[in-house]
>>> print(open('entry39.pdb').read())   # PDB, C-alpha atoms
ATOM      1  CA  MET A   6       3.123 -23.334  37.249
ATOM      2  CA  THR A   7       4.224 -25.388  34.230
ATOM      3  CA  LEU A   8       6.515 -22.584  33.091
ATOM      4  CA  ARG A   9       7.998 -22.353  36.557
ATOM      5  CA  LEU A  10       8.658 -26.107  36.531
ATOM      6  CA  LEU A  11      10.187 -25.977  33.064
ATOM      7  CA  GLU A  12      12.367 -23.067  34.123
ATOM      8  CA  ARG A  13      13.632 -25.095  37.092
ATOM      9  CA  ILE A  14      14.321 -28.107  34.849
ATOM     10  CA  HIS A  15      16.153 -25.829  32.417
ATOM     11  CA  GLY A  16      18.289 -24.480  35.248
ATOM     12  CA  HIS A  17      19.201 -27.881  36.670
ATOM     13  CA  LEU A  18      19.946 -29.371  33.258
ATOM     14  CA  GLY A  19      22.014 -26.271  32.506
ATOM     15  CA  TRP A  20      24.327 -26.972  35.424
ATOM     16  CA  LEU A  21      24.551 -30.618  34.342
ATOM     17  CA  ALA A  22      25.479 -29.431  30.848
ATOM     18  CA  VAL A  23      28.317 -27.362  32.330
ATOM     19  CA  ILE A  24      29.669 -30.448  34.091
ATOM     20  CA  ALA A  25      29.213 -32.516  30.929
ATOM     21  CA  LEU A  26      31.138 -29.922  28.882
ATOM     22  CA  LEU A  27      33.996 -29.993  31.382
ATOM     23  CA  HIS A  28      34.644 -33.683  30.719
ATOM     24  CA  PRO A  29      35.691 -33.420  27.039
ATOM     25  CA  ALA A  30      37.424 -30.111  27.817
ATOM     26  CA  ILE A  31      39.701 -31.964  30.262
ATOM     27  CA  VAL A  32      39.992 -35.352  28.558
ATOM     28  CA  LEU A  33      40.698 -34.028  25.063
ATOM     29  CA  ARG A  34      43.810 -32.143  26.191
ATOM     30  CA  ASN A  35      45.575 -35.257  24.967
ATOM     31  CA  PRO A  36      45.256 -35.138  21.141
ATOM     32  CA  LYS A  37      45.390 -38.940  20.885
ATOM     33  CA  ARG A  38      42.547 -39.483  23.296
ATOM     34  CA  SER A  39      39.055 -40.278  22.040
ATOM     35  CA  ALA A  40      35.881 -39.458  23.974
ATOM     36  CA  ARG A  41      33.124 -40.074  21.444
ATOM     37  CA  LEU A  42      30.433 -41.205  23.863
ATOM     38  CA  SER A  43      31.143 -38.328  26.209
ATOM     39  CA  VAL A  44      31.083 -35.802  23.365
ATOM     40  CA  ALA A  45      27.879 -37.268  21.889
ATOM     41  CA  LEU A  46      26.051 -37.220  25.237
ATOM     42  CA  THR A  47      27.339 -33.728  25.984
ATOM     43  CA  LEU A  48      26.049 -32.418  22.650
ATOM     44  CA  LEU A  49      22.700 -34.073  23.272
ATOM     45  CA  LEU A  50      22.377 -32.513  26.720
ATOM     46  CA  VAL A  51      23.553 -29.091  25.580
ATOM     47  CA  THR A  52      21.081 -29.143  22.690
ATOM     48  CA  ILE A  53      18.160 -30.166  24.927
ATOM     49  CA  VAL A  54      18.995 -27.417  27.432
ATOM     50  CA  GLY A  55      19.411 -24.842  24.654
ATOM     51  CA  SER A  56      16.149 -25.842  22.969
ATOM     52  CA  LEU A  57      14.271 -25.628  26.247
ATOM     53  CA  GLY A  58      15.823 -22.222  26.897
ATOM     54  CA  ALA A  59      14.884 -21.012  23.411
ATOM     55  CA  TRP A  60      11.322 -22.252  23.942
ATOM     56  CA  LEU A  61      11.108 -20.492  27.333
ATOM     57  CA  TYR A  62      12.433 -17.252  25.857
ATOM     58  CA  HIS A  63       9.045 -16.438  24.292
ATOM     59  CA  PRO A  64       7.008 -16.584  27.535
ATOM     60  CA  TYR A  65       9.891 -14.807  29.280
ATOM     61  CA  SER A  66       9.709 -11.945  26.771
ATOM     62  CA  MET A  67       5.941 -11.671  27.083
ATOM     63  CA  GLN A  68       5.467 -12.151  30.820
ATOM     64  CA  LEU A  69       8.661 -11.583  32.726
ATOM     65  CA  ARG A  70      11.094  -9.366  30.852
ATOM     66  CA  ARG A  71       9.440  -6.031  31.647
ATOM     67  CA  ASP A  72       8.973  -6.905  35.324
ATOM     68  CA  ILE A  73      12.631  -7.823  35.700
ATOM     69  CA  TYR A  74      13.769  -4.590  34.031
ATOM     70  CA  LEU A  75      11.392  -2.541  36.168
ATOM     71  CA  ALA A  76      12.662  -4.179  39.347
ATOM     72  CA  SER A  77      16.340  -4.129  38.433
ATOM     73  CA  MET A  78      17.990  -2.977  35.224
ATOM     74  CA  ARG A  79      21.111  -4.913  36.171
ATOM     75  CA  HIS A  80      19.275  -8.239  36.381
ATOM     76  CA  GLY A  81      17.494  -7.560  33.098
ATOM     77  CA  LEU A  82      20.790  -6.989  31.333
ATOM     78  CA  LEU A  83      22.269 -10.030  33.065
ATOM     79  CA  PHE A  84      19.569 -12.185  31.522
ATOM     80  CA  GLU A  85      20.238 -10.769  28.040
ATOM     81  CA  ARG A  86      23.963 -11.421  28.474
ATOM     82  CA  LYS A  87      23.179 -14.988  29.482
ATOM     83  CA  GLU A  88      21.163 -15.599  26.314
ATOM     84  CA  HIS A  89      23.868 -14.268  24.008
ATOM     85  CA  LEU A  90      26.622 -16.230  25.728
ATOM     86  CA  ALA A  91      24.556 -19.431  25.803
ATOM     87  CA  PHE A  92      23.978 -19.259  22.049
ATOM     88  CA  GLY A  93      27.737 -18.901  21.490
ATOM     89  CA  ALA A  94      28.573 -21.742  23.882
ATOM     90  CA  ILE A  95      26.187 -24.139  22.114
ATOM     91  CA  ALA A  96      27.545 -23.235  18.674
ATOM     92  CA  LEU A  97      31.150 -23.716  19.868
ATOM     93  CA  ALA A  98      30.352 -27.068  21.484
ATOM     94  CA  TRP A  99      28.820 -28.284  18.228
ATOM     95  CA  ALA A 100      31.827 -27.032  16.253
ATOM     96  CA  GLY A 101      34.203 -29.144  18.334
ATOM     97  CA  GLY A 102      31.747 -32.030  18.576
ATOM     98  CA  VAL A 103      31.287 -32.624  14.859
ATOM     99  CA  VAL A 104      35.026 -32.689  14.252
ATOM    100  CA  HIS A 105      35.520 -35.192  17.058
ATOM    101  CA  LEU A 106      32.548 -37.413  16.196
ATOM    102  CA  LEU A 107      32.866 -37.802  12.430
ATOM    103  CA  PRO A 108      35.582 -40.172  11.149
ATOM    104  CA  GLN A 109      38.813 -38.365  10.343
ATOM    105  CA  SER A 110      41.139 -39.015   7.431
ATOM    106  CA  ALA A 111      44.919 -39.121   7.780
ATOM    107  CA  GLN A 112      45.093 -36.241   5.312
ATOM    108  CA  GLY A 113      45.044 -32.664   6.494
ATOM    109  CA  ASP A 114      46.418 -31.693   9.885
ATOM    110  CA  PRO A 115      45.217 -34.082  12.642
ATOM    111  CA  VAL A 116      47.074 -32.124  15.348
ATOM    112  CA  ALA A 117      45.325 -28.891  14.369
ATOM    113  CA  ARG A 118      41.976 -30.709  14.405
ATOM    114  CA  ALA A 119      42.627 -32.117  17.881
ATOM    115  CA  ARG A 120      43.711 -28.703  19.190
ATOM    116  CA  PHE A 121      40.588 -27.161  17.691
ATOM    117  CA  VAL A 122      38.322 -29.721  19.389
ATOM    118  CA  HIS A 123      40.008 -29.168  22.759
ATOM    119  CA  LEU A 124      39.902 -25.386  22.432
ATOM    120  CA  THR A 125      36.237 -25.246  21.448
ATOM    121  CA  PHE A 126      35.229 -27.425  24.404
ATOM    122  CA  VAL A 127      37.318 -25.328  26.793
ATOM    123  CA  ALA A 128      35.662 -22.158  25.448
ATOM    124  CA  ALA A 129      32.172 -23.716  25.519
ATOM    125  CA  ALA A 130      32.625 -25.034  29.082
ATOM    126  CA  SER A 131      33.976 -21.692  30.364
ATOM    127  CA  ILE A 132      31.187 -19.684  28.748
ATOM    128  CA  ALA A 133      28.537 -22.201  29.870
ATOM    129  CA  CYS A 134      29.773 -21.940  33.470
ATOM    130  CA  VAL A 135      29.351 -18.148  33.390
ATOM    131  CA  VAL A 136      25.906 -18.601  31.768
ATOM    132  CA  ALA A 137      24.806 -21.001  34.524
ATOM    133  CA  VAL A 138      25.886 -18.575  37.245
ATOM    134  CA  MET A 139      24.055 -15.690  35.533
ATOM    135  CA  GLY A 140      20.938 -17.815  35.039
ATOM    136  CA  THR A 141      20.892 -18.844  38.686
ATOM    137  CA  LEU A 142      21.233 -15.214  39.802
ATOM    138  CA  VAL A 143      18.338 -14.060  37.609
ATOM    139  CA  ALA A 144      16.125 -17.043  38.517
ATOM    140  CA  ALA A 145      16.736 -16.360  42.218
ATOM    141  CA  PHE A 146      15.736 -12.729  41.651
ATOM    142  CA  ARG A 147      12.501 -13.199  39.655
ATOM    143  CA  SER A 148      10.704 -16.214  38.229
ATOM    144  CA  PHE A 149       7.465 -17.178  36.442
TER     145      PHE A 149
ATOM    146  CA  MET B  29      35.182 -52.631  14.735
ATOM    147  CA  GLU B  30      33.856 -50.473  11.926
ATOM    148  CA  ARG B  31      36.174 -50.260   8.936
ATOM    149  CA  ILE B  32      36.217 -46.964   7.122
ATOM    150  CA  LEU B  33      37.658 -46.622   3.643
ATOM    151  CA  PRO B  34      40.086 -43.713   3.108
ATOM    152  CA  MET B  35      37.720 -42.041   0.619
ATOM    153  CA  GLN B  36      34.798 -42.237   3.052
ATOM    154  CA  ALA B  37      36.990 -40.893   5.848
ATOM    155  CA  MET B  38      38.068 -38.018   3.603
ATOM    156  CA  ARG B  39      34.458 -37.138   2.840
ATOM    157  CA  ALA B  40      33.476 -37.348   6.503
ATOM    158  CA  SER B  41      36.478 -35.227   7.465
ATOM    159  CA  ASN B  42      35.545 -32.698   4.811
ATOM    160  CA  LEU B  43      31.983 -32.523   6.134
ATOM    161  CA  ALA B  44      33.131 -32.269   9.753
ATOM    162  CA  VAL B  45      35.528 -29.413   9.075
ATOM    163  CA  ALA B  46      32.921 -27.583   6.974
ATOM    164  CA  ALA B  47      30.335 -27.982   9.748
ATOM    165  CA  ALA B  48      32.851 -26.808  12.357
ATOM    166  CA  VAL B  49      33.601 -23.658  10.354
ATOM    167  CA  GLY B  50      29.838 -23.185   9.977
ATOM    168  CA  PHE B  51      29.195 -23.421  13.712
ATOM    169  CA  CYS B  52      32.065 -21.042  14.527
ATOM    170  CA  THR B  53      30.723 -18.603  11.937
ATOM    171  CA  THR B  54      27.255 -18.909  13.475
ATOM    172  CA  ALA B  55      28.665 -17.909  16.875
ATOM    173  CA  PHE B  56      30.635 -15.034  15.354
ATOM    174  CA  ALA B  57      27.709 -13.880  13.194
ATOM    175  CA  TYR B  58      25.360 -13.801  16.192
ATOM    176  CA  ALA B  59      27.772 -11.534  18.068
ATOM    177  CA  PHE B  60      28.306  -9.403  14.955
ATOM    178  CA  PHE B  61      24.575  -8.976  14.256
ATOM    179  CA  ARG B  62      23.879  -8.073  17.880
ATOM    180  CA  ALA B  63      26.661  -5.483  17.821
ATOM    181  CA  LEU B  64      25.362  -4.106  14.519
ATOM    182  CA  GLN B  65      21.840  -3.953  15.903
ATOM    183  CA  ALA B  66      23.004  -2.180  19.065
ATOM    184  CA  TRP B  67      24.908   0.359  16.961
ATOM    185  CA  LEU B  68      22.416   1.032  14.160
ATOM    186  CA  TYR B  69      19.073   0.279  15.808
ATOM    187  CA  PRO B  70      19.308   0.717  19.584
ATOM    188  CA  PRO B  71      16.414  -1.140  21.241
ATOM    189  CA  ALA B  72      13.627   0.673  23.056
ATOM    190  CA  ASP B  73      13.773   0.854  26.832
ATOM    191  CA  PRO B  74      12.433  -2.575  27.957
ATOM    192  CA  LYS B  75      10.652  -0.895  30.895
ATOM    193  CA  THR B  76       8.380   0.962  28.471
ATOM    194  CA  LEU B  77       7.453  -2.087  26.357
ATOM    195  CA  LEU B  78       4.141  -3.676  27.293
ATOM    196  CA  THR B  79       4.500  -6.520  24.806
ATOM    197  CA  MET B  80       6.696  -7.551  21.874
ATOM    198  CA  VAL B  81       5.474  -8.346  18.357
ATOM    199  CA  LYS B  82       8.745  -9.910  17.246
ATOM    200  CA  ILE B  83      11.513 -11.266  19.409
ATOM    201  CA  PRO B  84      14.930 -10.143  18.095
ATOM    202  CA  PHE B  85      16.734 -13.095  19.710
ATOM    203  CA  TYR B  86      14.998 -15.600  17.407
ATOM    204  CA  PHE B  87      15.607 -13.448  14.350
ATOM    205  CA  ARG B  88      19.317 -13.080  15.164
ATOM    206  CA  ALA B  89      19.637 -16.823  15.799
ATOM    207  CA  GLN B  90      18.053 -17.651  12.421
ATOM    208  CA  LEU B  91      20.127 -15.095  10.567
ATOM    209  CA  SER B  92      23.385 -16.275  12.128
ATOM    210  CA  ALA B  93      22.502 -19.915  11.388
ATOM    211  CA  TYR B  94      22.034 -18.919   7.752
ATOM    212  CA  ALA B  95      25.422 -17.159   7.745
ATOM    213  CA  GLY B  96      26.939 -20.304   9.271
ATOM    214  CA  LEU B  97      25.421 -22.450   6.547
ATOM    215  CA  LEU B  98      26.927 -20.237   3.850
ATOM    216  CA  ALA B  99      30.325 -20.351   5.559
ATOM    217  CA  ALA B 100      30.086 -24.149   5.814
ATOM    218  CA  LEU B 101      29.466 -24.407   2.067
ATOM    219  CA  GLY B 102      32.511 -22.240   1.394
ATOM    220  CA  ALA B 103      34.657 -24.200   3.836
ATOM    221  CA  HIS B 104      33.539 -27.471   2.218
ATOM    222  CA  ALA B 105      34.768 -26.316  -1.188
ATOM    223  CA  LEU B 106      38.033 -24.935   0.237
ATOM    224  CA  HIS B 107      38.734 -28.050   2.290
ATOM    225  CA  ALA B 108      38.328 -30.280  -0.762
ATOM    226  CA  ARG B 109      41.107 -28.291  -2.478
ATOM    227  CA  SER B 110      43.542 -27.824   0.377
ATOM    228  CA  PRO B 111      42.682 -29.644   3.598
ATOM    229  CA  GLU B 112      45.881 -28.664   5.453
ATOM    230  CA  ARG B 113      45.347 -24.928   5.054
ATOM    231  CA  VAL B 114      41.725 -25.035   6.158
ATOM    232  CA  GLU B 115      42.484 -27.272   9.152
ATOM    233  CA  ARG B 116      45.348 -25.033  10.242
ATOM    234  CA  ALA B 117      42.906 -22.119  10.181
ATOM    235  CA  LEU B 118      40.465 -23.908  12.507
ATOM    236  CA  VAL B 119      42.179 -22.841  15.741
ATOM    237  CA  PRO B 120      42.329 -19.113  14.838
ATOM    238  CA  VAL B 121      38.705 -19.306  13.650
ATOM    239  CA  SER B 122      37.571 -20.767  16.978
ATOM    240  CA  VAL B 123      39.584 -18.189  18.956
ATOM    241  CA  ILE B 124      38.066 -15.309  16.966
ATOM    242  CA  ALA B 125      34.542 -16.728  17.389
ATOM    243  CA  SER B 126      35.017 -17.247  21.152
ATOM    244  CA  LEU B 127      36.405 -13.751  21.666
ATOM    245  CA  ALA B 128      33.598 -12.208  19.624
ATOM    246  CA  VAL B 129      30.967 -14.064  21.676
ATOM    247  CA  ILE B 130      32.562 -13.009  24.978
ATOM    248  CA  ALA B 131      33.132  -9.386  23.922
ATOM    249  CA  GLN B 132      29.570  -8.982  22.661
ATOM    250  CA  GLY B 133      28.074 -10.732  25.678
ATOM    251  CA  VAL B 134      29.973  -8.530  28.096
ATOM    252  CA  LEU B 135      29.916  -5.180  26.298
ATOM    253  CA  LEU B 136      26.651  -5.207  24.313
ATOM    254  CA  PRO B 137      24.008  -7.184  26.231
TER     255      PRO B 137
END
>>> encode(input="entry39.pdb", output="structure tokens")
Amino acid sequence: MTLRLLERIHGHLGWLAVIALLHPAIVLRNPKRSARLSVALTLLLVTIVGSLGAWLYHPYSMQLRRDIYLASMRHGLLFERKEHLAFGAIALAWAGGVVHLLPQSAQGDPVARARFVHLTFVAAASIACVVAVMGTLVAAFRSF
Amino acid sequence: MERILPMQAMRASNLAVAAAVGFCTTAFAYAFFRALQAWLYPPADPKTLLTMVKIPFYFRAQLSAYAGLLAALGAHALHARSPERVERALVPVSVIASLAVIAQGVLLP
């Protein structure tokens, strides 16, 4: 019951994280624009969702994984894909986030830094959107 | 408003770029290790496994985080010497990491 509840919370927060990632991905198209609060809150949310997912992965592996594969190979593989992509999305969001959040010097290439931040958030948001769809499909198929 | 001295800003910028390279490397390394694992050590059929002693996902995540840390240390040293070159490489690094994550996720679940 608790696992089922946590899985639901993970799913809902996951969709919220997708929406949160979209904000910096859109706003930071403009290299002069700053969105520190948005980026900080997005990273916080993404990290909470990822940590909850990582914590749930153990009971999933022990209790649910075999059942899903037995019922449908396609859904089993979909879940594995989701985990891999989610890990990448979180890492990319953090990559862009640290560059945007820490104070920047005038040295170096500020335009390249701004492009990097925008690109990483676009990639993270796109991947996270696919992850959320995959997660919803698997959760609708089989749950704790 | 917070005033930041140029030297402090340089250090923070150095740290941020190093961390960014580290996170991109972590994403790339995860995809690389999964591909390597799928090629060299194909997993057993999940339908036949009653339980798992070790969960490969956690092991891959730890290993790729370690690779990211090493890359961040390297990027920190390089950025201190030539910030422009490292920062110009950030975009290609993020593109390579994103493509690796997507390719592995789609082709080698």
>>> residues_around(input="entry39.pdb", residues="A:Leu8", least_positions_apart="3", cutoff="9 Å", atoms="all atoms listed in the file", output="PyMOL selection string")
chain A and resi 11-13+61+64+149
>>> write_last_selection(input="entry39.pdb", atoms="C-alpha atoms", output="mmCIF file, keeping the file's coordinate frame")
data_model
loop_
_atom_site.group_PDB
_atom_site.id
_atom_site.type_symbol
_atom_site.label_atom_id
_atom_site.label_comp_id
_atom_site.auth_asym_id
_atom_site.auth_seq_id
_atom_site.Cartn_x
_atom_site.Cartn_y
_atom_site.Cartn_z
ATOM 1 C CA LEU A 11 10.187 -25.977 33.064
ATOM 2 C CA GLU A 12 12.367 -23.067 34.123
ATOM 3 C CA ARG A 13 13.632 -25.095 37.092
ATOM 4 C CA LEU A 61 11.108 -20.492 27.333
ATOM 5 C CA PRO A 64 7.008 -16.584 27.535
ATOM 6 C CA PHE A 149 7.465 -17.178 36.442
#
>>> closest_atom_pairs(input="entry39.pdb", of="chain B", to="chain A", cutoff="6 Å", atoms="only C-alpha atoms", output="tab-separated table")
residue	atom	partner	partner_atom	distance
B:Ala37	CA	A:Ser110	CA	4.8
B:Met38	CA	A:Ser110	CA	5.0
B:Ala40	CA	A:Pro108	CA	5.8
B:Ser41	CA	A:Gln109	CA	4.9
B:Ala44	CA	A:Val104	CA	4.9
B:Ala48	CA	A:Ala100	CA	4.0
B:Phe51	CA	A:Ala100	CA	5.1
B:Ala55	CA	A:Gly93	CA	4.8
B:Pro74	CA	A:Arg71	CA	5.9
B:Lys75	CA	A:Arg71	CA	5.3
B:Thr79	CA	A:Met67	CA	5.8
B:Pro111	CA	A:Gly113	CA	4.8
B:Glu112	CA	A:Gly113	CA	4.2
B:Glu115	CA	A:Asp114	CA	6.0
B:Arg116	CA	A:Ala117	CA	5.6
B:Val119	CA	A:Phe121	CA	5.0
B:Val129	CA	A:Gly93	CA	5.8
B:Gly133	CA	A:Arg86	CA	5.0
B:Pro137	CA	A:Arg86	CA	4.8
>>> closest_residue(input="entry39.pdb", among="B:Leu78, B:Leu127, B:Val114, B:Ala89", to="B:Arg62", atoms="only C-alpha atoms")
B:Ala89
>>> atom_distance(input="entry39.pdb", atom1="atom CA of A:Leu57", atom2="atom CA of A:Leu142")
18.5 Å
>>> closest_residue(input="entry39.pdb", among="B:Ala66, B:Val45, B:Ala57, B:Ala72", to="B:Ala117", atoms="all atoms listed in the file")
B:Val45
>>> decode(input="entry39.pdb", residues="stretch 102-113 of chain A", atoms="all heavy atoms", output="short mmCIF file (atom, residue, chain, number, x, y, z; two decimals), in the first residue's frame")
data_model
loop_
_atom_site.label_atom_id
_atom_site.label_comp_id
_atom_site.auth_asym_id
_atom_site.auth_seq_id
_atom_site.Cartn_x
_atom_site.Cartn_y
_atom_site.Cartn_z
N GLY A 102 22.18 23.45 -14.75
CA GLY A 102 21.82 24.18 -13.52
C GLY A 102 23.02 24.77 -12.80
O GLY A 102 22.98 25.93 -12.39
N VAL A 103 24.08 23.99 -12.66
CA VAL A 103 25.24 24.53 -11.91
C VAL A 103 25.87 25.71 -12.64
O VAL A 103 26.30 26.68 -12.01
CB VAL A 103 26.34 23.47 -11.61
CG1 VAL A 103 25.92 22.55 -10.52
CG2 VAL A 103 26.75 22.72 -12.84
N VAL A 104 25.90 25.64 -13.96
CA VAL A 104 26.50 26.75 -14.72
C VAL A 104 25.63 28.01 -14.56
O VAL A 104 26.14 29.12 -14.45
CB VAL A 104 26.67 26.37 -16.21
CG1 VAL A 104 27.13 27.56 -17.03
CG2 VAL A 104 27.68 25.25 -16.34
N HIS A 105 24.32 27.82 -14.55
CA HIS A 105 23.44 28.98 -14.43
C HIS A 105 23.41 29.55 -13.00
O HIS A 105 23.30 30.76 -12.83
CB HIS A 105 22.03 28.62 -14.87
CG HIS A 105 21.14 29.82 -15.03
ND1 HIS A 105 21.30 30.72 -16.07
CD2 HIS A 105 20.13 30.28 -14.29
CE1 HIS A 105 20.41 31.67 -15.94
NE2 HIS A 105 19.68 31.43 -14.87
N LEU A 106 23.53 28.68 -12.01
CA LEU A 106 23.36 29.13 -10.62
C LEU A 106 24.62 29.76 -10.02
O LEU A 106 24.52 30.72 -9.27
CB LEU A 106 22.91 27.96 -9.74
CG LEU A 106 21.47 27.52 -9.92
CD1 LEU A 106 21.16 26.33 -9.05
CD2 LEU A 106 20.50 28.65 -9.62
N LEU A 107 25.78 29.22 -10.34
CA LEU A 107 27.00 29.76 -9.74
C LEU A 107 27.38 31.07 -10.43
O LEU A 107 27.15 31.23 -11.63
CB LEU A 107 28.15 28.75 -9.84
CG LEU A 107 28.05 27.57 -8.88
CD1 LEU A 107 29.21 26.62 -9.08
CD2 LEU A 107 28.03 28.04 -7.44
N PRO A 108 27.96 32.03 -9.69
CA PRO A 108 28.34 33.31 -10.29
C PRO A 108 29.34 33.11 -11.43
O PRO A 108 30.24 32.27 -11.32
CB PRO A 108 29.00 34.07 -9.14
CG PRO A 108 28.70 33.33 -7.92
CD PRO A 108 28.31 31.95 -8.28
N GLN A 109 29.16 33.86 -12.49
CA GLN A 109 30.01 33.71 -13.67
C GLN A 109 30.96 34.88 -13.82
O GLN A 109 30.58 36.02 -13.57
CB GLN A 109 29.15 33.60 -14.93
CG GLN A 109 28.22 32.41 -14.93
CD GLN A 109 28.96 31.08 -14.90
OE1 GLN A 109 29.99 30.91 -15.54
NE2 GLN A 109 28.45 30.14 -14.12
N SER A 110 32.18 34.59 -14.22
CA SER A 110 33.15 35.67 -14.46
C SER A 110 33.00 36.18 -15.90
O SER A 110 32.41 35.51 -16.74
CB SER A 110 34.56 35.17 -14.22
OG SER A 110 34.96 34.37 -15.29
N ALA A 111 33.54 37.35 -16.15
CA ALA A 111 33.48 37.91 -17.51
C ALA A 111 34.46 37.19 -18.42
O ALA A 111 34.35 37.28 -19.65
CB ALA A 111 33.79 39.40 -17.46
N GLN A 112 35.42 36.49 -17.81
CA GLN A 112 36.39 35.74 -18.62
C GLN A 112 35.70 34.53 -19.24
O GLN A 112 34.61 34.15 -18.86
CB GLN A 112 37.54 35.28 -17.74
CG GLN A 112 38.53 36.39 -17.46
CD GLN A 112 39.81 35.84 -16.87
OE1 GLN A 112 39.76 34.87 -16.12
NE2 GLN A 112 40.93 36.45 -17.18
N GLY A 113 36.41 33.91 -20.18
CA GLY A 113 35.84 32.74 -20.83
C GLY A 113 34.90 33.17 -21.94
O GLY A 113 35.09 34.21 -22.56
#
